[in-house]
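Have a look at model_6.pdb below; it lists PDB, N, CA and C atoms.
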```pdb
ATOM      1  N   MET A   1      23.875 119.512 -36.608  1.00  0.00           N
ATOM      2  CA  MET A   1      22.436 119.634 -36.530  1.00  0.00           C
ATOM      3  C   MET A   1      21.861 118.397 -35.858  1.00  0.00           C
ATOM      4  N   ILE A   2      20.946 118.611 -34.971  1.00  0.00           N
ATOM      5  CA  ILE A   2      20.322 117.502 -34.256  1.00  0.00           C
ATOM      6  C   ILE A   2      19.025 117.140 -34.972  1.00  0.00           C
ATOM      7  N   THR A   3      18.897 115.871 -35.314  1.00  0.00           N
ATOM      8  CA  THR A   3      17.704 115.422 -36.024  1.00  0.00           C
ATOM      9  C   THR A   3      16.600 115.071 -35.043  1.00  0.00           C
ATOM     10  N   ARG A   4      15.405 115.005 -35.548  1.00  0.00           N
ATOM     11  CA  ARG A   4      14.241 114.638 -34.737  1.00  0.00           C
ATOM     12  C   ARG A   4      14.426 113.239 -34.142  1.00  0.00           C
ATOM     13  N   ALA A   5      15.011 112.338 -34.917  1.00  0.00           N
ATOM     14  CA  ALA A   5      15.251 110.979 -34.423  1.00  0.00           C
ATOM     15  C   ALA A   5      16.230 110.998 -33.254  1.00  0.00           C
ATOM     16  N   ARG A   6      17.261 111.844 -33.333  1.00  0.00           N
ATOM     17  CA  ARG A   6      18.250 111.952 -32.247  1.00  0.00           C
ATOM     18  C   ARG A   6      17.595 112.504 -30.985  1.00  0.00           C
ATOM     19  N   VAL A   7      16.734 113.503 -31.165  1.00  0.00           N
ATOM     20  CA  VAL A   7      16.009 114.080 -30.027  1.00  0.00           C
ATOM     21  C   VAL A   7      15.146 113.009 -29.371  1.00  0.00           C
ATOM     22  N   SER A   8      14.421 112.262 -30.175  1.00  0.00           N
ATOM     23  CA  SER A   8      13.569 111.197 -29.635  1.00  0.00           C
ATOM     24  C   SER A   8      14.393 110.150 -28.903  1.00  0.00           C
ATOM     25  N   ALA A   9      15.526 109.780 -29.481  1.00  0.00           N
ATOM     26  CA  ALA A   9      16.387 108.779 -28.850  1.00  0.00           C
ATOM     27  C   ALA A   9      16.923 109.278 -27.518  1.00  0.00           C
ATOM     28  N   LEU A  10      17.336 110.543 -27.455  1.00  0.00           N
ATOM     29  CA  LEU A  10      17.841 111.106 -26.205  1.00  0.00           C
ATOM     30  C   LEU A  10      16.759 111.157 -25.137  1.00  0.00           C
ATOM     31  N   ILE A  11      15.558 111.553 -25.525  1.00  0.00           N
ATOM     32  CA  ILE A  11      14.469 111.637 -24.552  1.00  0.00           C
ATOM     33  C   ILE A  11      14.093 110.250 -24.050  1.00  0.00           C
ATOM     34  N   LEU A  12      14.040 109.268 -24.952  1.00  0.00           N
ATOM     35  CA  LEU A  12      13.743 107.898 -24.522  1.00  0.00           C
ATOM     36  C   LEU A  12      14.842 107.360 -23.622  1.00  0.00           C
ATOM     37  N   SER A  13      16.079 107.683 -23.956  1.00  0.00           N
ATOM     38  CA  SER A  13      17.203 107.248 -23.138  1.00  0.00           C
ATOM     39  C   SER A  13      17.123 107.849 -21.742  1.00  0.00           C
ATOM     40  N   LEU A  14      16.799 109.137 -21.663  1.00  0.00           N
ATOM     41  CA  LEU A  14      16.677 109.779 -20.355  1.00  0.00           C
ATOM     42  C   LEU A  14      15.500 109.203 -19.585  1.00  0.00           C
ATOM     43  N   ALA A  15      14.388 108.954 -20.264  1.00  0.00           N
ATOM     44  CA  ALA A  15      13.220 108.384 -19.590  1.00  0.00           C
ATOM     45  C   ALA A  15      13.571 107.029 -18.975  1.00  0.00           C
ATOM     46  N   ALA A  16      14.310 106.222 -19.712  1.00  0.00           N
ATOM     47  CA  ALA A  16      14.724 104.911 -19.186  1.00  0.00           C
ATOM     48  C   ALA A  16      15.678 105.084 -18.019  1.00  0.00           C
ATOM     49  N   LEU A  17      16.582 106.030 -18.126  1.00  0.00           N
ATOM     50  CA  LEU A  17      17.540 106.284 -17.054  1.00  0.00           C
ATOM     51  C   LEU A  17      16.840 106.790 -15.806  1.00  0.00           C
ATOM     52  N   LEU A  18      15.888 107.695 -15.989  1.00  0.00           N
ATOM     53  CA  LEU A  18      15.162 108.223 -14.839  1.00  0.00           C
ATOM     54  C   LEU A  18      14.276 107.161 -14.190  1.00  0.00           C
ATOM     55  N   ALA A  19      13.804 106.225 -14.990  1.00  0.00           N
ATOM     56  CA  ALA A  19      12.918 105.193 -14.457  1.00  0.00           C
ATOM     57  C   ALA A  19      13.658 104.191 -13.580  1.00  0.00           C
ATOM     58  N   GLY A  20      14.938 103.980 -13.858  1.00  0.00           N
ATOM     59  CA  GLY A  20      15.706 103.009 -13.085  1.00  0.00           C
ATOM     60  C   GLY A  20      16.416 103.652 -11.918  1.00  0.00           C
ATOM     61  N   PRO A  21      16.873 102.840 -10.969  1.00  0.00           N
ATOM     62  CA  PRO A  21      17.599 103.383  -9.824  1.00  0.00           C
ATOM     63  C   PRO A  21      18.937 103.972 -10.254  1.00  0.00           C
ATOM     64  N   SER A  22      19.330 105.051  -9.622  1.00  0.00           N
ATOM     65  CA  SER A  22      20.599 105.701  -9.915  1.00  0.00           C
ATOM     66  C   SER A  22      21.524 105.511  -8.719  1.00  0.00           C
ATOM     67  N   PRO A  23      22.519 104.627  -8.822  1.00  0.00           N
ATOM     68  CA  PRO A  23      23.376 104.351  -7.680  1.00  0.00           C
ATOM     69  C   PRO A  23      24.227 105.542  -7.249  1.00  0.00           C
ATOM     70  N   ALA A  24      24.586 106.418  -8.173  1.00  0.00           N
ATOM     71  CA  ALA A  24      25.397 107.581  -7.823  1.00  0.00           C
ATOM     72  C   ALA A  24      24.813 108.817  -8.487  1.00  0.00           C
ATOM     73  N   ALA A  25      24.512 109.829  -7.677  1.00  0.00           N
ATOM     74  CA  ALA A  25      23.891 111.041  -8.203  1.00  0.00           C
ATOM     75  C   ALA A  25      24.794 111.752  -9.204  1.00  0.00           C
ATOM     76  N   GLU A  26      26.089 111.570  -9.102  1.00  0.00           N
ATOM     77  CA  GLU A  26      27.019 112.250  -9.983  1.00  0.00           C
ATOM     78  C   GLU A  26      27.421 111.389 -11.194  1.00  0.00           C
ATOM     79  N   ASP A  27      26.662 110.383 -11.513  1.00  0.00           N
ATOM     80  CA  ASP A  27      26.943 109.497 -12.634  1.00  0.00           C
ATOM     81  C   ASP A  27      27.125 110.321 -13.911  1.00  0.00           C
ATOM     82  N   VAL A  28      28.236 110.149 -14.587  1.00  0.00           N
ATOM     83  CA  VAL A  28      28.565 110.936 -15.780  1.00  0.00           C
ATOM     84  C   VAL A  28      27.497 110.789 -16.862  1.00  0.00           C
ATOM     85  N   THR A  29      26.992 109.601 -17.065  1.00  0.00           N
ATOM     86  CA  THR A  29      25.949 109.380 -18.070  1.00  0.00           C
ATOM     87  C   THR A  29      24.704 110.180 -17.727  1.00  0.00           C
ATOM     88  N   LEU A  30      24.319 110.187 -16.474  1.00  0.00           N
ATOM     89  CA  LEU A  30      23.145 110.945 -16.046  1.00  0.00           C
ATOM     90  C   LEU A  30      23.358 112.438 -16.299  1.00  0.00           C
ATOM     91  N   LEU A  31      24.534 112.954 -15.955  1.00  0.00           N
ATOM     92  CA  LEU A  31      24.814 114.378 -16.157  1.00  0.00           C
ATOM     93  C   LEU A  31      24.748 114.739 -17.636  1.00  0.00           C
ATOM     94  N   LYS A  32      25.284 113.882 -18.493  1.00  0.00           N
ATOM     95  CA  LYS A  32      25.233 114.132 -19.941  1.00  0.00           C
ATOM     96  C   LYS A  32      23.797 114.082 -20.453  1.00  0.00           C
ATOM     97  N   ASP A  33      23.017 113.112 -19.999  1.00  0.00           N
ATOM     98  CA  ASP A  33      21.625 113.006 -20.430  1.00  0.00           C
ATOM     99  C   ASP A  33      20.802 114.202 -19.966  1.00  0.00           C
ATOM    100  N   LEU A  34      21.006 114.618 -18.728  1.00  0.00           N
ATOM    101  CA  LEU A  34      20.286 115.788 -18.222  1.00  0.00           C
ATOM    102  C   LEU A  34      20.668 117.036 -19.012  1.00  0.00           C
ATOM    103  N   THR A  35      21.956 117.177 -19.339  1.00  0.00           N
ATOM    104  CA  THR A  35      22.420 118.304 -20.153  1.00  0.00           C
ATOM    105  C   THR A  35      21.713 118.306 -21.502  1.00  0.00           C
ATOM    106  N   ALA A  36      21.636 117.138 -22.137  1.00  0.00           N
ATOM    107  CA  ALA A  36      21.008 117.031 -23.460  1.00  0.00           C
ATOM    108  C   ALA A  36      19.527 117.383 -23.405  1.00  0.00           C
ATOM    109  N   VAL A  37      18.830 116.882 -22.414  1.00  0.00           N
ATOM    110  CA  VAL A  37      17.398 117.147 -22.312  1.00  0.00           C
ATOM    111  C   VAL A  37      17.129 118.630 -22.068  1.00  0.00           C
ATOM    112  N   ILE A  38      17.868 119.236 -21.161  1.00  0.00           N
ATOM    113  CA  ILE A  38      17.678 120.664 -20.868  1.00  0.00           C
ATOM    114  C   ILE A  38      17.956 121.494 -22.120  1.00  0.00           C
ATOM    115  N   MET A  39      19.011 121.132 -22.857  1.00  0.00           N
ATOM    116  CA  MET A  39      19.334 121.839 -24.086  1.00  0.00           C
ATOM    117  C   MET A  39      18.228 121.656 -25.127  1.00  0.00           C
ATOM    118  N   LEU A  40      17.759 120.420 -25.298  1.00  0.00           N
ATOM    119  CA  LEU A  40      16.725 120.145 -26.294  1.00  0.00           C
ATOM    120  C   LEU A  40      15.406 120.842 -25.965  1.00  0.00           C
ATOM    121  N   LEU A  41      15.173 121.099 -24.701  1.00  0.00           N
ATOM    122  CA  LEU A  41      13.958 121.815 -24.297  1.00  0.00           C
ATOM    123  C   LEU A  41      14.156 123.333 -24.392  1.00  0.00           C
ATOM    124  N   GLY A  42      15.339 123.756 -24.841  1.00  0.00           N
ATOM    125  CA  GLY A  42      15.598 125.162 -25.106  1.00  0.00           C
ATOM    126  C   GLY A  42      15.862 126.015 -23.878  1.00  0.00           C
ATOM    127  N   MET A  43      16.324 125.405 -22.811  1.00  0.00           N
ATOM    128  CA  MET A  43      16.588 126.151 -21.588  1.00  0.00           C
ATOM    129  C   MET A  43      18.085 126.391 -21.430  1.00  0.00           C
ATOM    130  N   PRO A  44      18.478 127.569 -20.929  1.00  0.00           N
ATOM    131  CA  PRO A  44      19.899 127.862 -20.766  1.00  0.00           C
ATOM    132  C   PRO A  44      20.517 127.054 -19.623  1.00  0.00           C
ATOM    133  N   CYS A  45      21.650 126.459 -19.914  1.00  0.00           N
ATOM    134  CA  CYS A  45      22.320 125.660 -18.891  1.00  0.00           C
ATOM    135  C   CYS A  45      23.820 125.586 -19.146  1.00  0.00           C
ATOM    136  N   GLY A  46      24.190 125.333 -20.372  1.00  0.00           N
ATOM    137  CA  GLY A  46      25.584 125.027 -20.671  1.00  0.00           C
ATOM    138  C   GLY A  46      25.777 123.540 -20.452  1.00  0.00           C
ATOM    139  N   GLN A  47      26.256 123.178 -19.285  1.00  0.00           N
ATOM    140  CA  GLN A  47      26.470 121.767 -18.949  1.00  0.00           C
ATOM    141  C   GLN A  47      25.998 121.522 -17.529  1.00  0.00           C
ATOM    142  N   VAL A  48      25.363 120.368 -17.309  1.00  0.00           N
ATOM    143  CA  VAL A  48      24.959 119.984 -15.959  1.00  0.00           C
ATOM    144  C   VAL A  48      26.207 119.510 -15.225  1.00  0.00           C
ATOM    145  N   VAL A  49      26.457 120.106 -14.064  1.00  0.00           N
ATOM    146  CA  VAL A  49      27.657 119.770 -13.291  1.00  0.00           C
ATOM    147  C   VAL A  49      27.336 118.977 -12.030  1.00  0.00           C
ATOM    148  N   GLY A  50      26.056 118.867 -11.707  1.00  0.00           N
ATOM    149  CA  GLY A  50      25.657 118.096 -10.538  1.00  0.00           C
ATOM    150  C   GLY A  50      24.193 117.740 -10.627  1.00  0.00           C
ATOM    151  N   ALA A  51      23.832 116.632  -9.997  1.00  0.00           N
ATOM    152  CA  ALA A  51      22.433 116.201 -10.005  1.00  0.00           C
ATOM    153  C   ALA A  51      22.124 115.485  -8.699  1.00  0.00           C
ATOM    154  N   LYS A  52      20.921 115.733  -8.215  1.00  0.00           N
ATOM    155  CA  LYS A  52      20.468 115.072  -6.992  1.00  0.00           C
ATOM    156  C   LYS A  52      19.135 114.401  -7.293  1.00  0.00           C
ATOM    157  N   GLN A  53      19.058 113.106  -7.016  1.00  0.00           N
ATOM    158  CA  GLN A  53      17.825 112.370  -7.248  1.00  0.00           C
ATOM    159  C   GLN A  53      16.862 112.628  -6.101  1.00  0.00           C
ATOM    160  N   GLN A  54      15.650 113.067  -6.447  1.00  0.00           N
ATOM    161  CA  GLN A  54      14.609 113.301  -5.436  1.00  0.00           C
ATOM    162  C   GLN A  54      13.695 112.084  -5.307  1.00  0.00           C
ATOM    163  N   ALA A  55      13.434 111.450  -6.428  1.00  0.00           N
ATOM    164  CA  ALA A  55      12.599 110.250  -6.483  1.00  0.00           C
ATOM    165  C   ALA A  55      13.054 109.469  -7.710  1.00  0.00           C
ATOM    166  N   GLY A  56      12.412 108.359  -7.971  1.00  0.00           N
ATOM    167  CA  GLY A  56      12.813 107.516  -9.091  1.00  0.00           C
ATOM    168  C   GLY A  56      12.889 108.233 -10.422  1.00  0.00           C
ATOM    169  N   ASN A  57      11.942 109.081 -10.704  1.00  0.00           N
ATOM    170  CA  ASN A  57      11.875 109.781 -11.988  1.00  0.00           C
ATOM    171  C   ASN A  57      12.026 111.281 -11.822  1.00  0.00           C
ATOM    172  N   ASP A  58      12.760 111.723 -10.834  1.00  0.00           N
ATOM    173  CA  ASP A  58      12.783 113.135 -10.480  1.00  0.00           C
ATOM    174  C   ASP A  58      14.176 113.536  -9.995  1.00  0.00           C
ATOM    175  N   HIS A  59      14.817 114.470 -10.731  1.00  0.00           N
ATOM    176  CA  HIS A  59      16.164 114.928 -10.385  1.00  0.00           C
ATOM    177  C   HIS A  59      16.211 116.449 -10.348  1.00  0.00           C
ATOM    178  N   ILE A  60      17.092 116.978  -9.524  1.00  0.00           N
ATOM    179  CA  ILE A  60      17.426 118.400  -9.552  1.00  0.00           C
ATOM    180  C   ILE A  60      18.797 118.492 -10.209  1.00  0.00           C
ATOM    181  N   ALA A  61      18.850 119.207 -11.342  1.00  0.00           N
ATOM    182  CA  ALA A  61      20.098 119.367 -12.091  1.00  0.00           C
ATOM    183  C   ALA A  61      20.659 120.756 -11.845  1.00  0.00           C
ATOM    184  N   SER A  62      21.941 120.830 -11.518  1.00  0.00           N
ATOM    185  CA  SER A  62      22.639 122.105 -11.327  1.00  0.00           C
ATOM    186  C   SER A  62      23.530 122.349 -12.536  1.00  0.00           C
ATOM    187  N   CYS A  63      23.368 123.518 -13.157  1.00  0.00           N
ATOM    188  CA  CYS A  63      24.097 123.853 -14.377  1.00  0.00           C
ATOM    189  C   CYS A  63      25.332 124.697 -14.080  1.00  0.00           C
ATOM    190  N   GLU A  64      26.263 124.672 -15.017  1.00  0.00           N
ATOM    191  CA  GLU A  64      27.485 125.455 -14.866  1.00  0.00           C
ATOM    192  C   GLU A  64      27.218 126.956 -14.858  1.00  0.00           C
ATOM    193  N   ASN A  65      26.088 127.397 -15.423  1.00  0.00           N
ATOM    194  CA  ASN A  65      25.755 128.824 -15.438  1.00  0.00           C
ATOM    195  C   ASN A  65      24.983 129.268 -14.195  1.00  0.00           C
ATOM    196  N   GLY A  66      24.792 128.350 -13.236  1.00  0.00           N
ATOM    197  CA  GLY A  66      24.109 128.676 -11.989  1.00  0.00           C
ATOM    198  C   GLY A  66      22.636 128.331 -11.965  1.00  0.00           C
ATOM    199  N   ASN A  67      22.043 128.029 -13.120  1.00  0.00           N
ATOM    200  CA  ASN A  67      20.631 127.639 -13.150  1.00  0.00           C
ATOM    201  C   ASN A  67      20.454 126.251 -12.561  1.00  0.00           C
ATOM    202  N   ARG A  68      19.272 126.027 -11.999  1.00  0.00           N
ATOM    203  CA  ARG A  68      18.894 124.697 -11.492  1.00  0.00           C
ATOM    204  C   ARG A  68      17.552 124.336 -12.093  1.00  0.00           C
ATOM    205  N   TYR A  69      17.405 123.068 -12.460  1.00  0.00           N
ATOM    206  CA  TYR A  69      16.169 122.585 -13.065  1.00  0.00           C
ATOM    207  C   TYR A  69      15.724 121.296 -12.390  1.00  0.00           C
ATOM    208  N   ARG A  70      14.440 121.173 -12.224  1.00  0.00           N
ATOM    209  CA  ARG A  70      13.847 119.897 -11.814  1.00  0.00           C
ATOM    210  C   ARG A  70      13.507 119.172 -13.107  1.00  0.00           C
ATOM    211  N   VAL A  71      14.109 118.017 -13.330  1.00  0.00           N
ATOM    212  CA  VAL A  71      13.880 117.224 -14.531  1.00  0.00           C
ATOM    213  C   VAL A  71      13.172 115.946 -14.094  1.00  0.00           C
ATOM    214  N   TYR A  72      11.990 115.726 -14.671  1.00  0.00           N
ATOM    215  CA  TYR A  72      11.182 114.589 -14.239  1.00  0.00           C
ATOM    216  C   TYR A  72      10.276 114.116 -15.358  1.00  0.00           C
ATOM    217  N   LEU A  73       9.675 112.957 -15.150  1.00  0.00           N
ATOM    218  CA  LEU A  73       8.665 112.435 -16.071  1.00  0.00           C
ATOM    219  C   LEU A  73       7.300 112.845 -15.541  1.00  0.00           C
ATOM    220  N   ASN A  74       6.491 113.476 -16.410  1.00  0.00           N
ATOM    221  CA  ASN A  74       5.149 113.858 -15.970  1.00  0.00           C
ATOM    222  C   ASN A  74       4.201 112.660 -16.097  1.00  0.00           C
ATOM    223  N   ALA A  75       2.944 112.859 -15.763  1.00  0.00           N
ATOM    224  CA  ALA A  75       1.962 111.772 -15.769  1.00  0.00           C
ATOM    225  C   ALA A  75       1.773 111.172 -17.158  1.00  0.00           C
ATOM    226  N   ALA A  76       2.013 111.964 -18.194  1.00  0.00           N
ATOM    227  CA  ALA A  76       1.879 111.476 -19.571  1.00  0.00           C
ATOM    228  C   ALA A  76       3.133 110.760 -20.053  1.00  0.00           C
ATOM    229  N   GLY A  77       4.166 110.675 -19.203  1.00  0.00           N
ATOM    230  CA  GLY A  77       5.409 109.992 -19.566  1.00  0.00           C
ATOM    231  C   GLY A  77       6.382 110.853 -20.347  1.00  0.00           C
ATOM    232  N   ARG A  78       6.159 112.162 -20.342  1.00  0.00           N
ATOM    233  CA  ARG A  78       7.051 113.077 -21.045  1.00  0.00           C
ATOM    234  C   ARG A  78       8.067 113.669 -20.079  1.00  0.00           C
ATOM    235  N   VAL A  79       9.272 113.907 -20.596  1.00  0.00           N
ATOM    236  CA  VAL A  79      10.320 114.510 -19.772  1.00  0.00           C
ATOM    237  C   VAL A  79      10.076 116.013 -19.705  1.00  0.00           C
ATOM    238  N   VAL A  80      10.118 116.566 -18.488  1.00  0.00           N
ATOM    239  CA  VAL A  80       9.872 117.981 -18.253  1.00  0.00           C
ATOM    240  C   VAL A  80      11.073 118.545 -17.494  1.00  0.00           C
ATOM    241  N   ALA A  81      11.484 119.762 -17.854  1.00  0.00           N
ATOM    242  CA  ALA A  81      12.523 120.483 -17.107  1.00  0.00           C
ATOM    243  C   ALA A  81      11.899 121.765 -16.610  1.00  0.00           C
ATOM    244  N   GLN A  82      11.871 121.932 -15.316  1.00  0.00           N
ATOM    245  CA  GLN A  82      11.216 123.076 -14.673  1.00  0.00           C
ATOM    246  C   GLN A  82      12.267 123.866 -13.895  1.00  0.00           C
ATOM    247  N   LYS A  83      12.413 125.156 -14.238  1.00  0.00           N
ATOM    248  CA  LYS A  83      13.427 125.980 -13.573  1.00  0.00           C
ATOM    249  C   LYS A  83      13.081 126.131 -12.096  1.00  0.00           C
ATOM    250  N   GLN A  84      14.112 126.011 -11.256  1.00  0.00           N
ATOM    251  CA  GLN A  84      13.933 126.139  -9.807  1.00  0.00           C
ATOM    252  C   GLN A  84      14.399 127.492  -9.337  1.00  0.00           C
TER
END
```
Represent the structure from my file as structure tokens, please.
Amino acid sequence: MITRARVSALILSLAALLAGPSPAAEDVTLLKDLTAVIMLLGMPCGQVVGAKQQAGNDHIASCENGNRYRVYLNAAGRVVAQKQ
């Protein structure tokens, strides 16, 4: 079971990761964080198998089930996953 504190920690971790430069789009930590965020937002994905950085806080995540999501920080500083 995932606790509210764990969800908050994952979202804060992803926000920090998205805010900083990503030297490699296929960074394993980034893929795991994107997988966790998409799952916590209740969207079908399975596992993120690829990611492309569009901007500092903006990634396109490709899932093993074929879905793609734009994961970014909105103006309020919240992590959003938008199906592409």
Q: Decode the PyMOL selection byres (((chain A and resi 44 and name CA) around 12) and name CA) for the given file into explicit residues and return them as a ChimeraX atom specification.
A: /A:35-43,45-48,62-69,81-83
Print the selection's residues with N, CA and C atoms to a file, as an mmCIF file, in the coordinates of the input.
```cif
data_model
loop_
_atom_site.group_PDB
_atom_site.id
_atom_site.type_symbol
_atom_site.label_atom_id
_atom_site.label_comp_id
_atom_site.auth_asym_id
_atom_site.auth_seq_id
_atom_site.Cartn_x
_atom_site.Cartn_y
_atom_site.Cartn_z
ATOM 1 N N THR A 35 21.956 117.177 -19.339
ATOM 2 C CA THR A 35 22.420 118.304 -20.153
ATOM 3 C C THR A 35 21.713 118.306 -21.502
ATOM 4 N N ALA A 36 21.636 117.138 -22.137
ATOM 5 C CA ALA A 36 21.008 117.031 -23.460
ATOM 6 C C ALA A 36 19.527 117.383 -23.405
ATOM 7 N N VAL A 37 18.830 116.882 -22.414
ATOM 8 C CA VAL A 37 17.398 117.147 -22.312
ATOM 9 C C VAL A 37 17.129 118.630 -22.068
ATOM 10 N N ILE A 38 17.868 119.236 -21.161
ATOM 11 C CA ILE A 38 17.678 120.664 -20.868
ATOM 12 C C ILE A 38 17.956 121.494 -22.120
ATOM 13 N N MET A 39 19.011 121.132 -22.857
ATOM 14 C CA MET A 39 19.334 121.839 -24.086
ATOM 15 C C MET A 39 18.228 121.656 -25.127
ATOM 16 N N LEU A 40 17.759 120.420 -25.298
ATOM 17 C CA LEU A 40 16.725 120.145 -26.294
ATOM 18 C C LEU A 40 15.406 120.842 -25.965
ATOM 19 N N LEU A 41 15.173 121.099 -24.701
ATOM 20 C CA LEU A 41 13.958 121.815 -24.297
ATOM 21 C C LEU A 41 14.156 123.333 -24.392
ATOM 22 N N GLY A 42 15.339 123.756 -24.841
ATOM 23 C CA GLY A 42 15.598 125.162 -25.106
ATOM 24 C C GLY A 42 15.862 126.015 -23.878
ATOM 25 N N MET A 43 16.324 125.405 -22.811
ATOM 26 C CA MET A 43 16.588 126.151 -21.588
ATOM 27 C C MET A 43 18.085 126.391 -21.430
ATOM 28 N N CYS A 45 21.650 126.459 -19.914
ATOM 29 C CA CYS A 45 22.320 125.660 -18.891
ATOM 30 C C CYS A 45 23.820 125.586 -19.146
ATOM 31 N N GLY A 46 24.190 125.333 -20.372
ATOM 32 C CA GLY A 46 25.584 125.027 -20.671
ATOM 33 C C GLY A 46 25.777 123.540 -20.452
ATOM 34 N N GLN A 47 26.256 123.178 -19.285
ATOM 35 C CA GLN A 47 26.470 121.767 -18.949
ATOM 36 C C GLN A 47 25.998 121.522 -17.529
ATOM 37 N N VAL A 48 25.363 120.368 -17.309
ATOM 38 C CA VAL A 48 24.959 119.984 -15.959
ATOM 39 C C VAL A 48 26.207 119.510 -15.225
ATOM 40 N N SER A 62 21.941 120.830 -11.518
ATOM 41 C CA SER A 62 22.639 122.105 -11.327
ATOM 42 C C SER A 62 23.530 122.349 -12.536
ATOM 43 N N CYS A 63 23.368 123.518 -13.157
ATOM 44 C CA CYS A 63 24.097 123.853 -14.377
ATOM 45 C C CYS A 63 25.332 124.697 -14.080
ATOM 46 N N GLU A 64 26.263 124.672 -15.017
ATOM 47 C CA GLU A 64 27.485 125.455 -14.866
ATOM 48 C C GLU A 64 27.218 126.956 -14.858
ATOM 49 N N ASN A 65 26.088 127.397 -15.423
ATOM 50 C CA ASN A 65 25.755 128.824 -15.438
ATOM 51 C C ASN A 65 24.983 129.268 -14.195
ATOM 52 N N GLY A 66 24.792 128.350 -13.236
ATOM 53 C CA GLY A 66 24.109 128.676 -11.989
ATOM 54 C C GLY A 66 22.636 128.331 -11.965
ATOM 55 N N ASN A 67 22.043 128.029 -13.120
ATOM 56 C CA ASN A 67 20.631 127.639 -13.150
ATOM 57 C C ASN A 67 20.454 126.251 -12.561
ATOM 58 N N ARG A 68 19.272 126.027 -11.999
ATOM 59 C CA ARG A 68 18.894 124.697 -11.492
ATOM 60 C C ARG A 68 17.552 124.336 -12.093
ATOM 61 N N TYR A 69 17.405 123.068 -12.460
ATOM 62 C CA TYR A 69 16.169 122.585 -13.065
ATOM 63 C C TYR A 69 15.724 121.296 -12.390
ATOM 64 N N ALA A 81 11.484 119.762 -17.854
ATOM 65 C CA ALA A 81 12.523 120.483 -17.107
ATOM 66 C C ALA A 81 11.899 121.765 -16.610
ATOM 67 N N GLN A 82 11.871 121.932 -15.316
ATOM 68 C CA GLN A 82 11.216 123.076 -14.673
ATOM 69 C C GLN A 82 12.267 123.866 -13.895
ATOM 70 N N LYS A 83 12.413 125.156 -14.238
ATOM 71 C CA LYS A 83 13.427 125.980 -13.573
ATOM 72 C C LYS A 83 13.081 126.131 -12.096
#
```
Q. Atom CA of A:Asp27 and atom N of A:Ala51, how far apart in Å?
A. 8.2 Å
Q: Apply the PyMOL selection byres ((chain A and resi 71) around 6) to the structure shown and report the selected residues as a list in words.
A: Asn57, Asp58, His59, Ile60, Ala61, Tyr69, Arg70, Tyr72, Leu73, Val80, Ala81 and Gln82 of chain A
Completion of stretch 30-34 of chain A up to all heavy atoms, as an mmCIF file, in the coordinates of the input:
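File written: rebuild22.cif
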```
data_model
loop_
_atom_site.group_PDB
_atom_site.id
_atom_site.type_symbol
_atom_site.label_atom_id
_atom_site.label_comp_id
_atom_site.auth_asym_id
_atom_site.auth_seq_id
_atom_site.Cartn_x
_atom_site.Cartn_y
_atom_site.Cartn_z
ATOM 1 N N LEU A 30 24.319 110.187 -16.474
ATOM 2 C CA LEU A 30 23.145 110.945 -16.046
ATOM 3 C C LEU A 30 23.358 112.438 -16.299
ATOM 4 O O LEU A 30 22.478 113.116 -16.818
ATOM 5 C CB LEU A 30 22.851 110.700 -14.567
ATOM 6 C CG LEU A 30 21.724 111.536 -13.964
ATOM 7 C CD1 LEU A 30 20.399 111.217 -14.638
ATOM 8 C CD2 LEU A 30 21.637 111.318 -12.470
ATOM 9 N N LEU A 31 24.534 112.954 -15.955
ATOM 10 C CA LEU A 31 24.814 114.378 -16.157
ATOM 11 C C LEU A 31 24.748 114.739 -17.636
ATOM 12 O O LEU A 31 24.188 115.776 -18.008
ATOM 13 C CB LEU A 31 26.180 114.745 -15.576
ATOM 14 C CG LEU A 31 26.360 114.538 -14.072
ATOM 15 C CD1 LEU A 31 27.760 114.971 -13.644
ATOM 16 C CD2 LEU A 31 25.299 115.265 -13.272
ATOM 17 N N LYS A 32 25.284 113.882 -18.493
ATOM 18 C CA LYS A 32 25.233 114.132 -19.941
ATOM 19 C C LYS A 32 23.797 114.082 -20.453
ATOM 20 O O LYS A 32 23.396 114.915 -21.268
ATOM 21 C CB LYS A 32 26.093 113.113 -20.684
ATOM 22 C CG LYS A 32 27.576 113.351 -20.526
ATOM 23 C CD LYS A 32 28.376 112.334 -21.307
ATOM 24 C CE LYS A 32 29.863 112.576 -21.160
ATOM 25 N NZ LYS A 32 30.651 111.608 -21.909
ATOM 26 N N ASP A 33 23.017 113.112 -19.999
ATOM 27 C CA ASP A 33 21.625 113.006 -20.430
ATOM 28 C C ASP A 33 20.802 114.202 -19.966
ATOM 29 O O ASP A 33 19.988 114.737 -20.715
ATOM 30 C CB ASP A 33 20.992 111.706 -19.931
ATOM 31 C CG ASP A 33 21.488 110.482 -20.687
ATOM 32 O OD1 ASP A 33 22.103 110.651 -21.760
ATOM 33 O OD2 ASP A 33 21.265 109.364 -20.207
ATOM 34 N N LEU A 34 21.006 114.618 -18.728
ATOM 35 C CA LEU A 34 20.286 115.788 -18.222
ATOM 36 C C LEU A 34 20.668 117.036 -19.012
ATOM 37 O O LEU A 34 19.804 117.860 -19.353
ATOM 38 C CB LEU A 34 20.572 115.989 -16.734
ATOM 39 C CG LEU A 34 19.957 114.956 -15.786
ATOM 40 C CD1 LEU A 34 20.519 115.121 -14.384
ATOM 41 C CD2 LEU A 34 18.447 115.054 -15.774
#
```
